[in-house]
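Text of the file entry.cif, holding mmCIF, C-alpha atoms:
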```cif
data_data
loop_
_atom_site.label_atom_id
_atom_site.label_comp_id
_atom_site.auth_asym_id
_atom_site.auth_seq_id
_atom_site.Cartn_x
_atom_site.Cartn_y
_atom_site.Cartn_z
CA MET A 1403 51.80 -123.33 26.55
CA ARG A 1404 52.97 -120.07 25.06
CA THR A 1405 52.96 -119.23 21.41
CA PRO A 1406 56.25 -117.98 20.05
CA THR A 1407 56.29 -114.36 19.03
CA HIS A 1408 56.64 -114.86 15.28
CA GLN A 1409 53.61 -117.13 15.16
CA LEU A 1410 51.54 -114.55 16.94
CA ARG A 1411 52.69 -111.84 14.57
CA GLN A 1412 51.51 -113.97 11.66
CA ALA A 1413 48.22 -114.54 13.40
CA ASP A 1414 47.87 -110.80 13.96
CA ALA A 1415 48.46 -110.12 10.32
CA ALA A 1416 46.21 -112.90 9.05
CA SER A 1417 43.12 -112.09 11.06
CA GLY A 1418 41.04 -109.06 10.43
CA SER A 1419 38.61 -109.79 13.21
CA PRO A 1420 39.05 -107.40 16.09
CA ARG A 1421 38.55 -109.77 19.02
CA HIS A 1422 40.70 -112.52 17.63
CA VAL A 1423 43.96 -111.24 19.01
CA ASP A 1424 44.44 -112.75 22.43
CA LEU A 1425 47.07 -111.65 24.88
CA PRO A 1426 50.41 -111.92 23.10
CA ALA A 1427 52.79 -114.28 24.82
CA GLU A 1428 55.56 -111.74 25.00
CA CYS A 1429 53.42 -109.37 26.97
CA ALA A 1430 54.28 -111.40 30.00
CA ASP A 1431 53.12 -108.80 32.46
CA ALA A 1432 49.58 -108.73 31.15
CA GLU A 1433 48.49 -112.19 32.14
CA GLN A 1434 50.52 -115.05 33.42
CA VAL A 1435 47.79 -117.55 34.18
CA PRO A 1436 48.19 -120.68 32.03
CA ALA A 1437 45.87 -120.65 29.03
CA ASP A 1438 43.85 -123.67 30.10
CA LEU A 1439 43.02 -122.04 33.40
CA ARG A 1440 42.71 -118.53 32.11
CA ASP A 1441 38.98 -118.45 31.49
CA ARG A 1442 38.14 -119.69 34.95
CA ALA A 1443 40.64 -117.36 36.54
CA LEU A 1444 39.32 -114.40 34.58
CA ALA A 1445 35.74 -115.18 35.52
CA SER A 1446 36.60 -115.35 39.21
CA GLY A 1447 38.97 -112.39 38.98
CA ASN A 1448 36.33 -110.10 37.50
CA ALA A 1449 33.67 -110.84 40.11
CA PRO A 1450 32.68 -107.66 41.99
CA LEU A 1451 34.03 -108.91 45.30
CA ALA A 1452 37.37 -109.81 43.72
CA LEU A 1453 37.60 -106.39 42.12
CA LEU A 1454 36.94 -104.83 45.52
CA VAL A 1455 39.92 -106.75 46.90
CA TYR A 1456 42.15 -105.57 44.03
CA GLY A 1457 40.99 -102.02 44.63
CA LEU A 1458 41.77 -102.26 48.35
CA LEU A 1459 45.19 -103.77 47.65
CA GLY A 1460 45.83 -100.89 45.27
CA ALA A 1461 44.75 -98.34 47.86
CA PHE A 1462 47.10 -99.94 50.38
CA LEU A 1463 49.93 -99.77 47.86
CA GLY A 1464 49.17 -96.15 46.97
CA LEU A 1465 49.27 -95.24 50.64
CA VAL A 1466 52.63 -96.97 51.13
CA PHE A 1467 54.03 -95.30 47.98
CA THR A 1468 52.98 -91.93 49.34
CA LYS A 1469 54.04 -92.36 52.96
CA SER A 1470 57.46 -93.67 51.95
CA GLN A 1471 57.87 -90.73 49.52
CA VAL A 1472 58.78 -92.97 46.58
CA ILE A 1473 56.28 -90.92 44.55
CA SER A 1474 58.52 -87.88 44.99
CA TRP A 1475 60.40 -86.52 41.96
CA PHE A 1476 63.09 -85.39 44.40
CA ARG A 1477 63.59 -88.89 45.79
CA ILE A 1478 64.04 -90.32 42.28
CA TYR A 1479 66.58 -87.60 41.49
CA GLU A 1480 68.39 -88.32 44.75
CA MET A 1481 68.37 -92.06 43.97
CA PHE A 1482 69.97 -91.57 40.56
CA ARG A 1483 72.66 -89.45 42.23
CA PHE A 1484 73.33 -92.22 44.79
CA GLU A 1485 72.99 -89.70 47.60
CA SER A 1486 70.51 -91.54 49.76
CA PHE A 1487 69.90 -95.17 50.63
CA HIS A 1488 66.15 -94.65 51.00
CA MET A 1489 64.96 -95.68 47.52
CA TYR A 1490 67.42 -98.57 47.34
CA GLY A 1491 66.21 -99.72 50.74
CA VAL A 1492 62.56 -99.57 49.65
CA ILE A 1493 63.07 -101.35 46.33
CA GLY A 1494 65.62 -103.81 47.72
CA SER A 1495 63.55 -104.87 50.71
CA ALA A 1496 60.44 -105.07 48.50
CA VAL A 1497 62.26 -107.42 46.13
CA VAL A 1498 63.62 -109.57 48.97
CA THR A 1499 60.19 -109.80 50.62
CA ALA A 1500 58.53 -110.67 47.31
CA ALA A 1501 61.26 -113.17 46.42
CA VAL A 1502 60.96 -115.01 49.73
CA SER A 1503 57.17 -115.02 49.32
CA VAL A 1504 57.37 -116.42 45.79
CA TRP A 1505 59.86 -119.04 46.97
CA VAL A 1506 57.51 -120.09 49.77
CA ILE A 1507 54.55 -120.22 47.37
CA LYS A 1508 56.49 -122.45 44.99
CA ARG A 1509 58.03 -124.55 47.74
CA LEU A 1510 54.69 -125.26 49.40
CA GLY A 1511 52.89 -125.54 46.07
CA LEU A 1512 50.27 -123.05 47.23
CA THR A 1513 47.20 -122.45 45.09
CA THR A 1514 45.07 -119.37 44.74
CA VAL A 1515 42.09 -118.99 47.03
CA HIS A 1516 40.05 -120.40 44.13
CA GLY A 1517 42.18 -123.53 44.05
CA GLU A 1518 44.09 -122.74 40.86
CA PRO A 1519 47.82 -123.46 40.73
CA ILE A 1520 50.06 -120.40 40.93
CA GLU A 1521 52.48 -120.22 38.04
CA LEU A 1522 54.82 -117.43 37.10
CA ALA A 1523 55.59 -117.75 33.43
CA PRO A 1524 59.20 -116.93 32.59
CA LYS A 1525 59.81 -113.75 30.60
CA GLN A 1526 60.50 -114.57 26.96
CA TRP A 1527 63.84 -113.68 25.40
CA GLY A 1528 62.18 -112.75 22.10
CA ASP A 1529 63.26 -113.44 18.55
CA SER A 1530 65.65 -110.57 17.92
CA ARG A 1531 69.15 -111.26 16.65
CA VAL A 1532 70.36 -109.37 19.69
CA PRO A 1533 69.17 -111.42 22.68
CA GLY A 1534 66.90 -109.50 24.99
CA ALA A 1535 66.86 -106.43 22.77
CA ARG A 1536 63.43 -105.40 24.03
CA TYR A 1537 64.55 -105.55 27.64
CA TRP A 1538 67.55 -103.27 27.45
CA MET A 1539 66.33 -100.98 24.68
CA GLY A 1540 62.87 -100.69 26.17
CA GLY A 1541 64.44 -100.50 29.61
CA VAL A 1542 66.68 -97.56 28.69
CA THR A 1543 63.72 -95.80 27.06
CA PHE A 1544 61.65 -96.27 30.18
CA GLY A 1545 64.54 -95.15 32.40
CA LEU A 1546 64.90 -91.88 30.47
CA GLY A 1547 61.22 -91.16 31.04
CA TRP A 1548 61.33 -92.27 34.67
CA ALA A 1549 64.07 -89.78 35.58
CA LEU A 1550 62.54 -86.92 33.55
CA LEU A 1551 59.05 -87.30 34.92
CA GLY A 1552 60.25 -88.50 38.32
CA ALA A 1553 57.51 -91.09 38.43
CA CYS A 1554 56.79 -94.51 37.03
CA PRO A 1555 53.21 -95.64 36.31
CA GLY A 1556 52.19 -96.51 39.89
CA PRO A 1557 53.43 -93.30 41.51
CA LEU A 1558 52.04 -91.32 38.56
CA VAL A 1559 48.56 -92.57 39.43
CA ALA A 1560 49.10 -91.97 43.15
CA LEU A 1561 50.17 -88.37 42.49
CA LEU A 1562 47.15 -87.83 40.27
CA GLY A 1563 44.87 -89.17 42.97
CA GLY A 1564 46.54 -86.89 45.50
CA GLY A 1565 45.76 -83.82 43.41
CA VAL A 1566 49.02 -83.26 41.52
CA SER A 1567 46.89 -82.51 38.49
CA VAL A 1568 49.72 -81.95 36.01
CA MET A 1569 50.18 -85.72 36.14
CA ALA A 1570 47.03 -85.92 34.00
CA ALA A 1571 49.10 -84.42 31.17
CA ALA A 1572 51.86 -86.96 31.87
CA LEU A 1573 49.28 -89.77 31.81
CA VAL A 1574 47.95 -88.63 28.43
CA ALA A 1575 51.54 -88.49 27.17
CA ALA A 1576 52.17 -92.00 28.50
CA LEU A 1577 49.06 -93.26 26.70
CA GLY A 1578 50.41 -91.56 23.56
CA GLY A 1579 53.71 -93.37 24.07
CA THR A 1580 51.92 -96.68 24.42
CA TRP A 1581 49.93 -96.01 21.25
CA ALA A 1582 53.11 -95.04 19.39
CA TYR A 1583 54.73 -98.27 20.54
CA ALA A 1584 51.72 -100.22 19.28
CA LEU A 1585 52.09 -98.58 15.87
CA LEU A 1586 55.85 -99.18 15.64
CA ARG A 1587 55.95 -102.54 17.39
CA ASP A 1588 56.58 -104.68 14.33
CA ARG A 1589 59.57 -102.56 13.35
CA LEU A 1590 61.22 -102.57 16.77
CA PRO A 1591 63.63 -105.30 17.86
CA HIS A 1592 62.27 -107.60 20.54
CA MET B 342 54.39 -83.67 63.14
CA SER B 343 52.85 -86.90 64.32
CA PRO B 344 53.75 -90.54 63.69
CA VAL B 345 50.87 -90.70 61.21
CA GLN B 346 52.18 -87.71 59.27
CA ASP B 347 55.86 -88.63 59.45
CA PRO B 348 57.30 -90.42 56.41
CA TRP B 349 57.70 -94.15 56.76
CA PRO B 350 61.24 -95.60 56.75
CA TRP B 351 62.36 -97.88 53.93
CA TYR B 352 62.35 -100.99 56.10
CA VAL B 353 58.64 -100.55 56.74
CA ALA B 354 57.60 -99.47 53.24
CA GLY B 355 59.69 -101.95 51.23
CA PRO B 356 58.39 -105.14 52.86
CA LEU B 357 54.81 -103.80 52.71
CA ILE B 358 55.21 -103.21 48.96
CA GLY B 359 56.81 -106.64 48.56
CA LEU B 360 53.87 -108.34 50.28
CA VAL B 361 51.52 -107.11 47.55
CA VAL B 362 53.21 -109.63 45.21
CA PRO B 363 52.14 -112.78 47.13
CA ALA B 364 48.79 -111.18 47.99
CA LEU B 365 47.94 -110.81 44.29
CA LEU B 366 49.29 -114.27 43.47
CA VAL B 367 47.41 -116.06 46.24
CA PHE B 368 44.23 -114.11 45.81
CA GLY B 369 43.87 -114.29 42.06
CA GLY B 370 47.00 -115.69 40.45
CA LYS B 371 47.79 -112.16 39.29
CA THR B 372 51.31 -110.90 38.71
CA PHE B 373 52.08 -107.52 40.24
CA GLY B 374 52.48 -104.97 37.49
CA LEU B 375 51.00 -101.60 36.57
CA SER B 376 52.12 -100.45 33.15
CA ALA B 377 49.94 -102.98 31.29
CA ASN B 378 47.15 -100.62 32.31
CA LEU B 379 48.42 -98.12 29.75
CA ARG B 380 47.79 -100.75 27.10
CA HIS B 381 44.40 -101.66 28.55
CA ALA B 382 43.40 -98.00 28.57
CA CYS B 383 44.48 -97.57 24.93
CA ALA B 384 42.61 -100.74 23.98
CA ALA B 385 39.54 -99.33 25.71
CA ALA B 386 39.71 -96.08 23.74
CA PRO B 387 36.41 -95.32 22.04
CA VAL B 388 37.68 -95.56 18.47
CA PRO B 389 36.76 -98.25 15.92
CA ASP B 390 38.84 -101.40 16.18
CA ARG B 391 40.07 -101.02 12.61
CA ALA B 392 41.70 -97.72 13.63
CA LYS B 393 43.71 -99.47 16.34
CA PRO B 394 47.03 -101.25 15.87
CA GLY B 395 46.79 -105.02 16.38
CA PHE B 396 48.58 -104.69 19.72
CA LEU B 397 45.57 -102.79 21.03
CA ARG B 398 42.88 -105.14 19.73
CA TYR B 399 42.15 -107.69 22.42
CA ASP B 400 39.62 -108.34 25.13
CA TRP B 401 40.90 -105.77 27.62
CA ARG B 402 37.81 -106.20 29.81
CA SER B 403 38.57 -109.76 30.81
CA ALA B 404 42.34 -109.31 30.83
CA GLY B 405 42.69 -105.91 32.38
CA THR B 406 39.72 -105.02 34.55
CA TRP B 407 41.41 -106.24 37.71
CA ASN B 408 44.53 -104.26 36.88
CA LEU B 409 42.64 -101.05 36.09
CA VAL B 410 40.73 -101.35 39.39
CA PHE B 411 44.06 -101.96 41.14
CA ALA B 412 45.42 -98.73 39.62
CA LEU B 413 42.26 -96.86 40.61
CA GLY B 414 42.90 -98.08 44.15
CA ILE B 415 46.41 -96.61 44.00
CA ALA B 416 44.89 -93.24 43.11
CA VAL B 417 42.62 -93.51 46.16
CA GLY B 418 45.62 -94.47 48.30
CA GLY B 419 47.49 -91.49 46.91
CA PHE B 420 44.59 -89.22 47.83
CA VAL B 421 44.51 -90.53 51.40
CA GLY B 422 48.29 -90.42 51.73
CA ILE B 423 48.81 -86.97 50.28
CA ARG B 424 45.65 -85.14 51.29
CA LEU B 425 44.87 -86.70 54.66
CA LEU B 426 48.06 -88.18 56.06
CA SER B 427 50.83 -85.84 54.91
CA ASP B 428 51.90 -82.43 56.05
CA PRO B 429 52.11 -80.48 52.79
CA ALA B 430 54.29 -77.80 54.35
CA ALA B 431 56.94 -80.22 55.57
CA PRO B 432 59.83 -80.42 53.10
CA LEU B 433 61.38 -83.77 52.26
CA ALA B 434 64.45 -84.68 54.25
CA LEU B 435 66.66 -84.77 51.17
CA SER B 436 70.37 -85.31 51.55
CA ALA B 437 72.51 -82.16 51.62
CA PRO B 438 74.42 -82.95 48.38
CA THR B 439 71.10 -83.46 46.57
CA VAL B 440 69.79 -80.10 47.78
CA ALA B 441 73.03 -78.46 46.62
CA ALA B 442 72.85 -80.17 43.22
CA LEU B 443 69.25 -79.04 42.80
CA ALA B 444 70.25 -75.48 43.67
CA ASP B 445 72.91 -75.67 40.92
CA LEU B 446 70.10 -76.53 38.52
CA GLY B 447 68.08 -73.59 39.78
CA VAL B 448 65.59 -75.79 41.61
CA THR B 449 65.07 -74.08 44.94
CA ASP B 450 61.39 -74.78 45.62
CA LEU B 451 61.55 -78.17 47.33
CA ALA B 452 57.96 -78.21 48.64
CA GLY B 453 55.57 -80.97 47.74
CA PHE B 454 56.25 -84.16 45.80
CA VAL B 455 57.25 -82.57 42.49
CA PRO B 456 59.36 -79.50 41.73
CA ALA B 457 56.77 -76.85 40.91
CA GLN B 458 59.34 -74.97 38.82
CA LEU B 459 59.58 -77.91 36.39
CA VAL B 460 56.62 -80.24 36.85
CA SER B 461 53.47 -78.13 36.92
CA TRP B 462 50.90 -76.66 34.53
CA PRO B 463 52.72 -73.30 34.19
CA ALA B 464 56.02 -75.14 33.58
CA LEU B 465 54.46 -76.99 30.62
CA ALA B 466 54.87 -73.76 28.67
CA THR B 467 58.66 -73.95 29.08
CA PRO B 468 60.83 -76.29 26.98
CA ALA B 469 62.27 -77.99 30.07
CA GLY B 470 58.89 -78.51 31.71
CA ALA B 471 57.30 -79.81 28.52
CA LEU B 472 60.16 -82.23 27.97
CA MET B 473 60.02 -83.49 31.53
CA VAL B 474 56.25 -83.94 31.83
CA LEU B 475 55.20 -84.74 28.25
CA GLY B 476 58.47 -86.21 27.00
CA GLY B 477 58.98 -88.14 30.21
CA GLY B 478 55.42 -89.44 30.18
CA PHE B 479 55.71 -90.47 26.52
CA LEU B 480 58.97 -92.36 27.13
CA VAL B 481 57.51 -94.08 30.19
CA GLY B 482 54.54 -95.29 28.15
CA PHE B 483 56.64 -96.29 25.14
CA GLY B 484 59.47 -97.90 27.10
CA ALA B 485 57.30 -99.80 29.55
CA ARG B 486 55.47 -101.61 26.77
CA TRP B 487 58.61 -102.19 24.75
CA ALA B 488 60.37 -103.67 27.77
CA GLY B 489 57.22 -105.59 28.74
CA GLY B 490 57.00 -104.09 32.20
CA CYS B 491 57.88 -101.18 34.42
CA THR B 492 59.34 -100.80 37.88
CA SER B 493 56.66 -103.00 39.41
CA GLY B 494 56.55 -105.68 36.71
CA HIS B 495 60.31 -106.04 36.20
CA ALA B 496 62.12 -104.57 39.20
CA ILE B 497 59.81 -106.14 41.78
CA SER B 498 57.83 -109.02 40.24
CA GLY B 499 60.52 -110.09 37.78
CA LEU B 500 63.50 -109.83 40.12
CA ALA B 501 61.53 -111.58 42.88
CA ASP B 502 61.08 -114.52 40.50
CA LEU B 503 64.81 -114.33 39.62
CA GLN B 504 64.07 -113.57 35.97
CA VAL B 505 67.20 -112.64 34.04
CA PRO B 506 65.29 -110.62 31.38
CA SER B 507 63.89 -108.48 34.19
CA LEU B 508 67.40 -107.86 35.50
CA VAL B 509 68.41 -106.70 32.02
CA ALA B 510 65.40 -104.38 31.95
CA VAL B 511 66.20 -102.96 35.40
CA VAL B 512 69.80 -102.29 34.37
CA GLY B 513 68.32 -100.48 31.36
CA PHE B 514 66.00 -98.45 33.63
CA PHE B 515 69.01 -97.29 35.60
CA ALA B 516 71.16 -96.59 32.55
CA GLY B 517 68.42 -94.33 31.18
CA GLY B 518 67.82 -92.68 34.53
CA LEU B 519 71.51 -92.02 35.13
CA ALA B 520 71.85 -90.47 31.65
CA VAL B 521 69.01 -88.06 32.35
CA THR B 522 70.11 -87.15 35.87
CA HIS B 523 73.82 -86.69 35.15
CA VAL B 524 73.84 -85.53 31.51
CA LEU B 525 70.48 -84.33 30.21
CA LEU B 526 69.15 -82.38 33.19
CA PRO B 527 72.35 -80.34 33.67
CA LEU B 528 72.31 -79.49 29.94
CA LEU B 529 68.59 -78.75 29.94
CA LEU B 530 68.57 -76.56 33.03
CA ALA B 531 71.95 -74.89 32.70
#
```

This structure in structure tokens:
Amino acid sequence: MRTPTHQLRQADAASGSPRHVDLPAECADAEQVPADLRDRALASGNAPLALLVYGLLGAFLGLVFTKSQVISWFRIYEMFRFESFHMYGVIGSAVVTAAVSVWVIKRLGLTTVHGEPIELAPKQWGDSRVPGARYWMGGVTFGLGWALLGACPGPLVALLGGGVSVMAAALVAALGGTWAYALLRDRLPH
Amino acid sequence: MSPVQDPWPWYVAGPLIGLVVPALLVFGGKTFGLSANLRHACAAAPVPDRAKPGFLRYDWRSAGTWNLVFALGIAVGGFVGIRLLSDPAAPLALSAPTVAALADLGVTDLAGFVPAQLVSWPALATPAGALMVLGGGFLVGFGARWAGGCTSGHAISGLADLQVPSLVAVVGFFAGGLAVTHVLLPLLLA
């Protein structure tokens, strides 16, 4: 179902056509719908009504982020100093709620509202000599930025929406970081 | 203060955040995650495809529209939460040791969601502010794509699906965050 990383790299290199490159398998967070169902899922997912639902779910999430103060630089600092349970409570209870939900979805074999099976593709270990290199190296890199900026991508957007305009500079920097990763990707261990 | 303006406790916010995971799965088979948007936004940049790294040449419209709309929703939620449902004058109820540690770093202005002395447009002109906003943003963008996910994609979606690679990434997030909070910030702001 998923193409191994090295095959995709070869495909990247071999094709000059811009639209040829599909979602790489290792970018597991981009799209986890099985390939054979992807087209149908994408068509239904990009319908205006569906997008409205995603927008409303996002607004709900942004509100919860804000009202629980997880968008606060101070709360992130406090978390990394282990001086408050708040952030651990938020993240922990979010994980437990999501885990129980995923378990129920799998257990009952629930489908999407469009009747497609729900599958969560496992994260790939990658082809590096060091297993999981991308996860801990990328993870540490992300963690450094998280504590400096005091925000991860979701809270960054919520702060920007709430008028903390300096986050626009952080967003541009984050896009620069993503572009730099794209340039260096083939030389980084995954 | 009113119940609407008071911050929400972790046991309310966490489960509400966690419920977004099954909502996205059941509605559209989508996996909760936000940092892929940085890639989608780079892929959407108005430059010729041949000027983009292969990682940024793909059909971002069909893959990422839902996710970009989701992020836009978070910005709207942030606006409602910060501008309409928060009391900007009310300081965060940070723990006493955190307040003392911040004072040691010279951070005494605890108003708002970010420390104005460090994360603001004027602070961008200082080495510390530039490192925190621009450096932090860059590392968030670079690290999230390298690790294949951020706090939402790994810490919540990945852990909820009991994915070991996500656990590795989350340990990395914390290792990086602890290094910044306990080593880099004291050096930077001494």

>> Residues within 12 Å of Gly447 (chain B), please, as a list in words. Count all atoms listed in the file; anything in the same chain fewer than 3 positions from it doesn't count.
In response: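 Near neighbours after the sequence-gap exclusion: Val440, Ala441, Ala442, Leu443, Ala444, Asp450, Leu451, Pro456, Ala457, Gln458, Leu459, Leu526, Pro527, Leu529, Leu530 and Ala531 of chain B.
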
Contacts between region 484-495 of chain B and region 374-418 of chain B, please, where a residue of region 374-418 of chain B counts if it comes within 9 Å (with only C-alpha atoms); show its shortest atom pair and distance in Å to one decimal, rows by chain and ascending number, as JSON lines.
```
{"residue": "B:Gly374", "atom": "CA", "partner": "B:Gly494", "partner_atom": "CA", "distance": 4.2}
{"residue": "B:Leu375", "atom": "CA", "partner": "B:Ser493", "partner_atom": "CA", "distance": 6.5}
{"residue": "B:Ser376", "atom": "CA", "partner": "B:Cys491", "partner_atom": "CA", "distance": 5.9}
{"residue": "B:Ala377", "atom": "CA", "partner": "B:Gly490", "partner_atom": "CA", "distance": 7.2}
{"residue": "B:Leu379", "atom": "CA", "partner": "B:Arg486", "partner_atom": "CA", "distance": 8.4}
{"residue": "B:Arg380", "atom": "CA", "partner": "B:Arg486", "partner_atom": "CA", "distance": 7.7}
```

> In Å, how far is it from CA of Leu525 (chain B) to CA of Trp1548 (chain A)?
Replying inline: 12.9 Å

Starting from the shown file, work through the PyMOL selection byres ((chain A and resi 1502-1515) around 8) and note down what comes out as an mmCIF file with C-alpha atoms, in the frame of the given file.
```cif
data_model
loop_
_atom_site.group_PDB
_atom_site.id
_atom_site.type_symbol
_atom_site.label_atom_id
_atom_site.label_comp_id
_atom_site.auth_asym_id
_atom_site.auth_seq_id
_atom_site.Cartn_x
_atom_site.Cartn_y
_atom_site.Cartn_z
ATOM 1 C CA VAL A 1498 63.620 -109.570 48.970
ATOM 2 C CA THR A 1499 60.190 -109.800 50.620
ATOM 3 C CA ALA A 1500 58.530 -110.670 47.310
ATOM 4 C CA ALA A 1501 61.260 -113.170 46.420
ATOM 5 C CA HIS A 1516 40.050 -120.400 44.130
ATOM 6 C CA GLY A 1517 42.180 -123.530 44.050
ATOM 7 C CA GLU A 1518 44.090 -122.740 40.860
ATOM 8 C CA PRO A 1519 47.820 -123.460 40.730
ATOM 9 C CA ILE A 1520 50.060 -120.400 40.930
ATOM 10 C CA LEU B 360 53.870 -108.340 50.280
ATOM 11 C CA VAL B 362 53.210 -109.630 45.210
ATOM 12 C CA PRO B 363 52.140 -112.780 47.130
ATOM 13 C CA LEU B 366 49.290 -114.270 43.470
ATOM 14 C CA VAL B 367 47.410 -116.060 46.240
ATOM 15 C CA PHE B 368 44.230 -114.110 45.810
ATOM 16 C CA GLY B 369 43.870 -114.290 42.060
ATOM 17 C CA GLY B 370 47.000 -115.690 40.450
ATOM 18 C CA ALA B 501 61.530 -111.580 42.880
ATOM 19 C CA ASP B 502 61.080 -114.520 40.500
#
```

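Remark: for His381 (chain B), the closest of the candidate residues A:Val1532, A:Ala1582, A:Ile1473, A:Leu1577 is A:Leu1577 (distances computed over all atoms listed in the file).
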
Need a file for region 1558-1580 of chain A from that block: N, CA and C atoms, written as a PDB file, in the first residue's frame.
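Wrote decode-v4.pdb, looks like this:
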```pdb
ATOM      1  N   LEU A1558       0.445  28.827  17.233  1.00  0.00           N
ATOM      2  CA  LEU A1558       1.001  29.948  16.460  1.00  0.00           C
ATOM      3  C   LEU A1558      -0.110  30.614  15.641  1.00  0.00           C
ATOM      4  N   VAL A1559      -0.905  29.787  14.982  1.00  0.00           N
ATOM      5  CA  VAL A1559      -1.982  30.310  14.141  1.00  0.00           C
ATOM      6  C   VAL A1559      -3.066  30.965  15.003  1.00  0.00           C
ATOM      7  N   ALA A1560      -3.352  30.354  16.156  1.00  0.00           N
ATOM      8  CA  ALA A1560      -4.366  30.931  17.045  1.00  0.00           C
ATOM      9  C   ALA A1560      -3.925  32.305  17.550  1.00  0.00           C
ATOM     10  N   LEU A1561      -2.648  32.425  17.914  1.00  0.00           N
ATOM     11  CA  LEU A1561      -2.127  33.712  18.378  1.00  0.00           C
ATOM     12  C   LEU A1561      -2.199  34.757  17.277  1.00  0.00           C
ATOM     13  N   LEU A1562      -1.857  34.340  16.068  1.00  0.00           N
ATOM     14  CA  LEU A1562      -1.904  35.261  14.934  1.00  0.00           C
ATOM     15  C   LEU A1562      -3.341  35.747  14.721  1.00  0.00           C
ATOM     16  N   GLY A1563      -4.273  34.817  14.786  1.00  0.00           N
ATOM     17  CA  GLY A1563      -5.678  35.188  14.619  1.00  0.00           C
ATOM     18  C   GLY A1563      -6.149  36.120  15.716  1.00  0.00           C
ATOM     19  N   GLY A1564      -5.580  35.952  16.923  1.00  0.00           N
ATOM     20  CA  GLY A1564      -5.981  36.784  18.048  1.00  0.00           C
ATOM     21  C   GLY A1564      -5.259  38.120  18.087  1.00  0.00           C
ATOM     22  N   GLY A1565      -4.440  38.407  17.077  1.00  0.00           N
ATOM     23  CA  GLY A1565      -3.833  39.721  16.993  1.00  0.00           C
ATOM     24  C   GLY A1565      -2.424  39.823  17.531  1.00  0.00           C
ATOM     25  N   VAL A1566      -1.803  38.691  17.901  1.00  0.00           N
ATOM     26  CA  VAL A1566      -0.397  38.745  18.320  1.00  0.00           C
ATOM     27  C   VAL A1566       0.424  38.747  17.026  1.00  0.00           C
ATOM     28  N   SER A1567       0.575  39.956  16.466  1.00  0.00           N
ATOM     29  CA  SER A1567       1.003  40.058  15.067  1.00  0.00           C
ATOM     30  C   SER A1567       2.438  39.629  14.841  1.00  0.00           C
ATOM     31  N   VAL A1568       3.267  39.617  15.903  1.00  0.00           N
ATOM     32  CA  VAL A1568       4.655  39.209  15.708  1.00  0.00           C
ATOM     33  C   VAL A1568       4.721  37.735  15.285  1.00  0.00           C
ATOM     34  N   MET A1569       3.644  36.998  15.525  1.00  0.00           N
ATOM     35  CA  MET A1569       3.617  35.600  15.100  1.00  0.00           C
ATOM     36  C   MET A1569       3.641  35.480  13.576  1.00  0.00           C
ATOM     37  N   ALA A1570       3.336  36.568  12.868  1.00  0.00           N
ATOM     38  CA  ALA A1570       3.471  36.543  11.409  1.00  0.00           C
ATOM     39  C   ALA A1570       4.937  36.348  11.033  1.00  0.00           C
ATOM     40  N   ALA A1571       5.832  37.009  11.785  1.00  0.00           N
ATOM     41  CA  ALA A1571       7.263  36.828  11.536  1.00  0.00           C
ATOM     42  C   ALA A1571       7.677  35.394  11.847  1.00  0.00           C
ATOM     43  N   ALA A1572       7.129  34.835  12.939  1.00  0.00           N
ATOM     44  CA  ALA A1572       7.442  33.449  13.289  1.00  0.00           C
ATOM     45  C   ALA A1572       6.923  32.494  12.217  1.00  0.00           C
ATOM     46  N   LEU A1573       5.754  32.810  11.661  1.00  0.00           N
ATOM     47  CA  LEU A1573       5.180  31.948  10.618  1.00  0.00           C
ATOM     48  C   LEU A1573       6.055  31.967   9.369  1.00  0.00           C
ATOM     49  N   VAL A1574       6.515  33.155   8.990  1.00  0.00           N
ATOM     50  CA  VAL A1574       7.413  33.253   7.826  1.00  0.00           C
ATOM     51  C   VAL A1574       8.692  32.461   8.093  1.00  0.00           C
ATOM     52  N   ALA A1575       9.216  32.572   9.328  1.00  0.00           N
ATOM     53  CA  ALA A1575      10.415  31.814   9.678  1.00  0.00           C
ATOM     54  C   ALA A1575      10.150  30.307   9.616  1.00  0.00           C
ATOM     55  N   ALA A1576       8.963  29.894  10.061  1.00  0.00           N
ATOM     56  CA  ALA A1576       8.616  28.472  10.022  1.00  0.00           C
ATOM     57  C   ALA A1576       8.512  27.982   8.577  1.00  0.00           C
ATOM     58  N   LEU A1577       7.965  28.823   7.704  1.00  0.00           N
ATOM     59  CA  LEU A1577       7.901  28.454   6.283  1.00  0.00           C
ATOM     60  C   LEU A1577       9.317  28.359   5.717  1.00  0.00           C
ATOM     61  N   GLY A1578      10.197  29.276   6.161  1.00  0.00           N
ATOM     62  CA  GLY A1578      11.600  29.200   5.747  1.00  0.00           C
ATOM     63  C   GLY A1578      12.244  27.910   6.221  1.00  0.00           C
ATOM     64  N   GLY A1579      11.929  27.500   7.446  1.00  0.00           N
ATOM     65  CA  GLY A1579      12.456  26.243   7.976  1.00  0.00           C
ATOM     66  C   GLY A1579      11.972  25.049   7.182  1.00  0.00           C
ATOM     67  N   THR A1580      10.704  25.089   6.791  1.00  0.00           N
ATOM     68  CA  THR A1580      10.152  23.998   5.992  1.00  0.00           C
ATOM     69  C   THR A1580      10.839  23.942   4.628  1.00  0.00           C
TER      70      THR A1580
END
```
